[in-house]
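For reference, protein_35.cif (mmCIF, C-alpha atoms):
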data_model
#
loop_
_atom_site.label_atom_id
_atom_site.label_comp_id
_atom_site.auth_asym_id
_atom_site.auth_seq_id
_atom_site.Cartn_x
_atom_site.Cartn_y
_atom_site.Cartn_z
CA MET A 1 27.03 -61.05 -54.38
CA THR A 2 24.69 -58.16 -54.99
CA THR A 3 25.72 -55.17 -57.00
CA PRO A 4 24.57 -51.64 -56.22
CA LEU A 5 21.90 -50.11 -58.38
CA GLU A 6 23.48 -47.89 -60.95
CA GLY A 7 21.37 -45.10 -59.46
CA GLU A 8 23.55 -45.29 -56.37
CA ILE A 9 26.49 -44.16 -58.48
CA THR A 10 27.07 -40.41 -58.31
CA ILE A 11 28.97 -38.35 -60.80
CA ASP A 12 31.86 -36.11 -59.90
CA LYS A 13 31.09 -32.39 -60.37
CA LYS A 14 34.09 -32.02 -62.71
CA GLU A 15 32.90 -34.89 -64.89
CA LEU A 16 29.42 -33.38 -65.08
CA ALA A 17 30.91 -29.98 -65.94
CA THR A 18 32.86 -31.61 -68.80
CA LEU A 19 29.69 -33.25 -70.14
CA ARG A 20 27.77 -29.96 -69.81
CA LYS A 21 30.52 -28.04 -71.64
CA GLN A 22 30.44 -30.51 -74.55
CA TYR A 23 26.63 -30.36 -74.68
CA GLU A 24 26.64 -26.55 -74.69
CA ALA A 25 29.42 -26.41 -77.31
CA GLU A 26 27.22 -28.38 -79.72
CA GLN A 27 24.20 -26.11 -79.37
CA PRO A 28 21.81 -25.53 -81.06
CA ASN A 29 21.87 -29.17 -82.29
CA PRO A 30 23.90 -31.39 -80.00
CA SER A 31 24.53 -34.94 -81.20
CA THR A 32 22.48 -37.75 -79.78
CA SER A 33 25.62 -39.21 -78.22
CA THR A 34 26.49 -35.96 -76.46
CA THR A 35 22.90 -35.50 -75.29
CA PHE A 36 22.80 -39.09 -73.99
CA ASN A 37 26.09 -38.68 -72.12
CA TYR A 38 25.02 -35.38 -70.57
CA ALA A 39 21.63 -36.83 -69.58
CA TRP A 40 23.40 -39.83 -68.03
CA GLY A 41 25.58 -37.48 -65.97
CA LEU A 42 22.57 -35.44 -64.86
CA VAL A 43 20.61 -38.50 -63.74
CA HIS A 44 23.65 -39.55 -61.68
CA SER A 45 23.77 -36.17 -59.94
CA ASN A 46 22.44 -35.66 -56.43
CA VAL A 47 20.85 -32.32 -57.35
CA TYR A 48 17.08 -32.50 -57.85
CA HIS A 49 16.80 -30.09 -60.80
CA GLU A 50 19.75 -31.73 -62.57
CA ILE A 51 18.08 -35.13 -62.30
CA GLU A 52 14.88 -33.61 -63.70
CA LEU A 53 16.83 -32.16 -66.65
CA GLY A 54 18.46 -35.53 -67.28
CA ILE A 55 15.04 -37.19 -67.34
CA ALA A 56 13.75 -34.58 -69.80
CA LEU A 57 16.74 -35.09 -72.12
CA PHE A 58 16.28 -38.87 -72.08
CA GLN A 59 12.57 -38.42 -72.81
CA GLN A 60 13.56 -36.43 -75.91
CA ILE A 61 15.84 -39.27 -77.05
CA ILE A 62 13.29 -42.10 -76.60
CA PRO A 63 10.92 -41.45 -79.53
CA HIS A 64 13.65 -40.59 -82.03
CA ASN A 65 16.38 -43.15 -81.34
CA PRO A 66 15.17 -46.75 -81.16
CA SER A 67 18.71 -48.03 -80.60
CA LEU A 68 18.91 -46.01 -77.35
CA ARG A 69 15.33 -46.57 -76.23
CA ARG A 70 16.05 -49.33 -73.69
CA GLU A 71 18.88 -47.45 -72.00
CA SER A 72 17.02 -44.14 -72.07
CA ARG A 73 13.91 -45.64 -70.50
CA TYR A 74 16.02 -47.34 -67.86
CA TYR A 75 17.75 -44.08 -66.93
CA VAL A 76 14.43 -42.22 -66.85
CA ALA A 77 13.16 -44.88 -64.43
CA GLN A 78 16.32 -44.52 -62.40
CA GLY A 79 15.97 -40.73 -62.29
CA TYR A 80 12.38 -40.94 -61.14
CA PHE A 81 13.43 -43.47 -58.49
CA LYS A 82 16.02 -41.02 -57.15
CA LEU A 83 13.32 -38.32 -57.05
CA ALA A 84 11.02 -40.72 -55.13
CA ARG A 85 8.47 -40.61 -57.95
CA PHE A 86 7.91 -44.33 -57.71
CA ALA A 87 4.85 -44.66 -59.97
CA ASP A 88 6.73 -42.95 -62.81
CA ALA A 89 9.84 -45.03 -62.10
CA ARG A 90 7.80 -48.23 -62.17
CA ASN A 91 6.13 -47.21 -65.44
CA TYR A 92 9.47 -46.73 -67.24
CA ALA A 93 11.05 -49.87 -65.73
CA GLN A 94 8.02 -51.86 -66.89
CA GLN A 95 8.37 -50.38 -70.39
CA VAL A 96 11.91 -51.73 -70.51
CA LEU A 97 10.75 -55.14 -69.27
CA ARG A 98 7.89 -55.23 -71.77
CA ASP A 99 10.41 -55.05 -74.62
CA HIS A 100 13.25 -56.89 -72.82
CA PRO A 101 11.65 -59.28 -70.29
CA GLU A 102 14.97 -60.67 -69.05
CA ASP A 103 16.70 -57.31 -68.56
CA PRO A 104 18.52 -57.64 -65.22
CA GLN A 105 18.98 -53.88 -64.69
CA ALA A 106 15.30 -53.11 -65.14
CA ARG A 107 14.29 -56.12 -63.03
CA GLY A 108 16.64 -55.02 -60.24
CA LEU A 109 15.33 -51.47 -60.40
CA LEU A 110 11.72 -52.67 -60.32
CA ASP A 111 12.54 -54.79 -57.26
CA ALA A 112 14.17 -51.76 -55.59
CA ILE A 113 11.10 -49.64 -56.37
CA ASP A 114 8.79 -52.25 -54.84
CA ALA A 115 11.01 -52.53 -51.74
CA GLN A 116 11.10 -48.75 -51.27
CA VAL A 117 7.34 -48.40 -51.71
CA GLN A 118 6.80 -51.17 -49.15
CA LYS A 119 9.28 -49.56 -46.75
CA ASP A 120 7.68 -46.14 -47.15
CA GLY A 121 4.25 -47.69 -46.59
CA LEU A 122 5.38 -49.36 -43.37
CA VAL A 123 6.93 -46.12 -42.11
CA GLY A 124 3.72 -44.26 -42.97
CA MET A 125 1.63 -46.86 -41.16
CA ALA A 126 3.89 -46.59 -38.10
CA ILE A 127 3.51 -42.81 -38.05
CA VAL A 128 -0.27 -43.04 -38.39
CA GLY A 129 -0.38 -45.77 -35.74
CA GLY A 130 1.68 -43.66 -33.37
CA ALA A 131 -0.55 -40.65 -33.91
CA ILE A 132 -3.69 -42.72 -33.26
CA ALA A 133 -2.16 -44.17 -30.08
CA ALA A 134 -1.19 -40.69 -28.86
CA ALA A 135 -4.67 -39.35 -29.61
CA GLY A 136 -6.21 -42.29 -27.78
CA LEU A 137 -3.99 -41.64 -24.78
CA VAL A 138 -4.97 -37.96 -24.67
CA ILE A 139 -8.66 -38.77 -25.02
CA GLY A 140 -8.34 -41.39 -22.29
CA MET A 141 -6.64 -38.94 -19.95
CA LEU A 142 -9.23 -36.24 -20.62
CA SER A 143 -12.17 -38.60 -20.11
CA ARG A 144 -10.87 -39.59 -16.65
CA LYS A 145 -10.93 -36.03 -15.39
#

Rewritten as structure tokens:
Amino acid sequence: MTTPLEGEITIDKKELATLRKQYEAEQPNPSTSTTFNYAWGLVHSNVYHEIELGIALFQQIIPHNPSLRRESRYYVAQGYFKLARFADARNYAQQVLRDHPEDPQARGLLDAIDAQVQKDGLVGMAIVGGAIAAAGLVIGMLSRK
């Protein structure tokens, strides 16, 4: 049985609002735990700029909190995957796997990245192939006249 990527999970707007309220209440120095939870909620949003903010918050956590580094890198990779920034997603997933070679979440995400890149490549090739065929047809019709 396959399980969905955690990136396929979306957060309820009310839950995200609760996380945002807690994060804002702790300003100017929110706790690492609050920042992590808010970043997690943002990455699980379907709103582009919220995902970007979640990635940025996780990137702030990574250098300062070794105990959260694996999870933070994974969620950065997941955020980039949702934004279709596959090279960045792959980079962060590979960072997780470099330190934790057997990590099933990172391995699954890396497999999903590869599958999406391959799918996008095939779609792109089909579009280009269709355009070339159409151009050839037009040129053929014009050359007969």

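Taking CA of Asp12 (chain A) and CA of Ala93 (chain A) as the two end points, the separation is 25.6 Å.
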
Applied to the shown file, which residues does the PyMOL selection byres ((chain A and resi 18-33) around 12) return, written as JSON, numbers by chain? {"A": [11, 12, 13, 14, 15, 16, 17, 34, 35, 36, 37, 38, 39, 40, 41, 42, 50, 53, 54, 57, 58, 60, 61, 62, 64, 65, 66, 67, 68, 69, 72]}

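The spacing separating CA of Arg73 (chain A) from CA of Tyr92 (chain A) amounts to 5.6 Å.
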
Pairwise distance, CA of Thr10 (chain A) with CA of His44 (chain A), equals 4.9 Å

Applying the PyMOL selection byres ((chain A and resi 77) around 10) to the file I just gave you, which residues come out? Please list them as a ChimeraX atom specification. /A:7,43,55,71-76,78-83,85-96,106,109-110,113

Some atoms are absent from region 51-73 of chain A, so rebuild N, CA and C atoms and return them as a PDB file, in the coordinates of the input.
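Heads up, here's the output in part-v7.pdb:
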ATOM      1  N   ILE A  51      18.702 -33.837 -61.996  1.00  0.00           N
ATOM      2  CA  ILE A  51      18.080 -35.130 -62.300  1.00  0.00           C
ATOM      3  C   ILE A  51      16.865 -34.919 -63.189  1.00  0.00           C
ATOM      4  N   GLU A  52      16.063 -33.912 -62.866  1.00  0.00           N
ATOM      5  CA  GLU A  52      14.880 -33.610 -63.700  1.00  0.00           C
ATOM      6  C   GLU A  52      15.291 -33.276 -65.134  1.00  0.00           C
ATOM      7  N   LEU A  53      16.355 -32.499 -65.308  1.00  0.00           N
ATOM      8  CA  LEU A  53      16.830 -32.160 -66.650  1.00  0.00           C
ATOM      9  C   LEU A  53      17.303 -33.410 -67.371  1.00  0.00           C
ATOM     10  N   GLY A  54      18.009 -34.278 -66.670  1.00  0.00           N
ATOM     11  CA  GLY A  54      18.460 -35.530 -67.280  1.00  0.00           C
ATOM     12  C   GLY A  54      17.292 -36.365 -67.761  1.00  0.00           C
ATOM     13  N   ILE A  55      16.252 -36.461 -66.949  1.00  0.00           N
ATOM     14  CA  ILE A  55      15.040 -37.190 -67.340  1.00  0.00           C
ATOM     15  C   ILE A  55      14.447 -36.580 -68.600  1.00  0.00           C
ATOM     16  N   ALA A  56      14.334 -35.263 -68.641  1.00  0.00           N
ATOM     17  CA  ALA A  56      13.750 -34.580 -69.800  1.00  0.00           C
ATOM     18  C   ALA A  56      14.568 -34.844 -71.067  1.00  0.00           C
ATOM     19  N   LEU A  57      15.893 -34.825 -70.942  1.00  0.00           N
ATOM     20  CA  LEU A  57      16.740 -35.090 -72.120  1.00  0.00           C
ATOM     21  C   LEU A  57      16.558 -36.531 -72.601  1.00  0.00           C
ATOM     22  N   PHE A  58      16.508 -37.478 -71.676  1.00  0.00           N
ATOM     23  CA  PHE A  58      16.280 -38.870 -72.080  1.00  0.00           C
ATOM     24  C   PHE A  58      14.911 -39.027 -72.732  1.00  0.00           C
ATOM     25  N   GLN A  59      13.905 -38.325 -72.222  1.00  0.00           N
ATOM     26  CA  GLN A  59      12.570 -38.420 -72.810  1.00  0.00           C
ATOM     27  C   GLN A  59      12.551 -37.864 -74.231  1.00  0.00           C
ATOM     28  N   GLN A  60      13.448 -36.936 -74.538  1.00  0.00           N
ATOM     29  CA  GLN A  60      13.560 -36.430 -75.910  1.00  0.00           C
ATOM     30  C   GLN A  60      14.222 -37.464 -76.818  1.00  0.00           C
ATOM     31  N   ILE A  61      15.117 -38.255 -76.271  1.00  0.00           N
ATOM     32  CA  ILE A  61      15.840 -39.270 -77.050  1.00  0.00           C
ATOM     33  C   ILE A  61      14.925 -40.451 -77.396  1.00  0.00           C
ATOM     34  N   ILE A  62      14.077 -40.863 -76.471  1.00  0.00           N
ATOM     35  CA  ILE A  62      13.290 -42.100 -76.600  1.00  0.00           C
ATOM     36  C   ILE A  62      12.525 -42.213 -77.919  1.00  0.00           C
ATOM     37  N   PRO A  63      11.717 -41.234 -78.312  1.00  0.00           N
ATOM     38  CA  PRO A  63      10.920 -41.450 -79.530  1.00  0.00           C
ATOM     39  C   PRO A  63      11.716 -41.393 -80.834  1.00  0.00           C
ATOM     40  N   HIS A  64      12.898 -40.825 -80.796  1.00  0.00           N
ATOM     41  CA  HIS A  64      13.650 -40.590 -82.030  1.00  0.00           C
ATOM     42  C   HIS A  64      14.835 -41.530 -82.243  1.00  0.00           C
ATOM     43  N   ASN A  65      15.191 -42.311 -81.238  1.00  0.00           N
ATOM     44  CA  ASN A  65      16.380 -43.150 -81.340  1.00  0.00           C
ATOM     45  C   ASN A  65      16.103 -44.547 -80.788  1.00  0.00           C
ATOM     46  N   PRO A  66      15.514 -45.405 -81.625  1.00  0.00           N
ATOM     47  CA  PRO A  66      15.170 -46.750 -81.160  1.00  0.00           C
ATOM     48  C   PRO A  66      16.361 -47.533 -80.592  1.00  0.00           C
ATOM     49  N   SER A  67      17.550 -47.286 -81.088  1.00  0.00           N
ATOM     50  CA  SER A  67      18.710 -48.030 -80.600  1.00  0.00           C
ATOM     51  C   SER A  67      19.089 -47.632 -79.162  1.00  0.00           C
ATOM     52  N   LEU A  68      18.621 -46.473 -78.720  1.00  0.00           N
ATOM     53  CA  LEU A  68      18.910 -46.010 -77.350  1.00  0.00           C
ATOM     54  C   LEU A  68      17.680 -46.054 -76.451  1.00  0.00           C
ATOM     55  N   ARG A  69      16.596 -46.598 -76.962  1.00  0.00           N
ATOM     56  CA  ARG A  69      15.330 -46.570 -76.230  1.00  0.00           C
ATOM     57  C   ARG A  69      15.408 -47.334 -74.905  1.00  0.00           C
ATOM     58  N   ARG A  70      15.970 -48.541 -74.912  1.00  0.00           N
ATOM     59  CA  ARG A  70      16.050 -49.330 -73.690  1.00  0.00           C
ATOM     60  C   ARG A  70      16.829 -48.589 -72.616  1.00  0.00           C
ATOM     61  N   GLU A  71      18.037 -48.138 -72.974  1.00  0.00           N
ATOM     62  CA  GLU A  71      18.880 -47.450 -72.000  1.00  0.00           C
ATOM     63  C   GLU A  71      18.246 -46.148 -71.530  1.00  0.00           C
ATOM     64  N   SER A  72      17.647 -45.416 -72.443  1.00  0.00           N
ATOM     65  CA  SER A  72      17.020 -44.140 -72.070  1.00  0.00           C
ATOM     66  C   SER A  72      15.858 -44.358 -71.119  1.00  0.00           C
ATOM     67  N   ARG A  73      15.028 -45.349 -71.410  1.00  0.00           N
ATOM     68  CA  ARG A  73      13.910 -45.640 -70.500  1.00  0.00           C
ATOM     69  C   ARG A  73      14.419 -46.073 -69.134  1.00  0.00           C
TER      70      ARG A  73
END
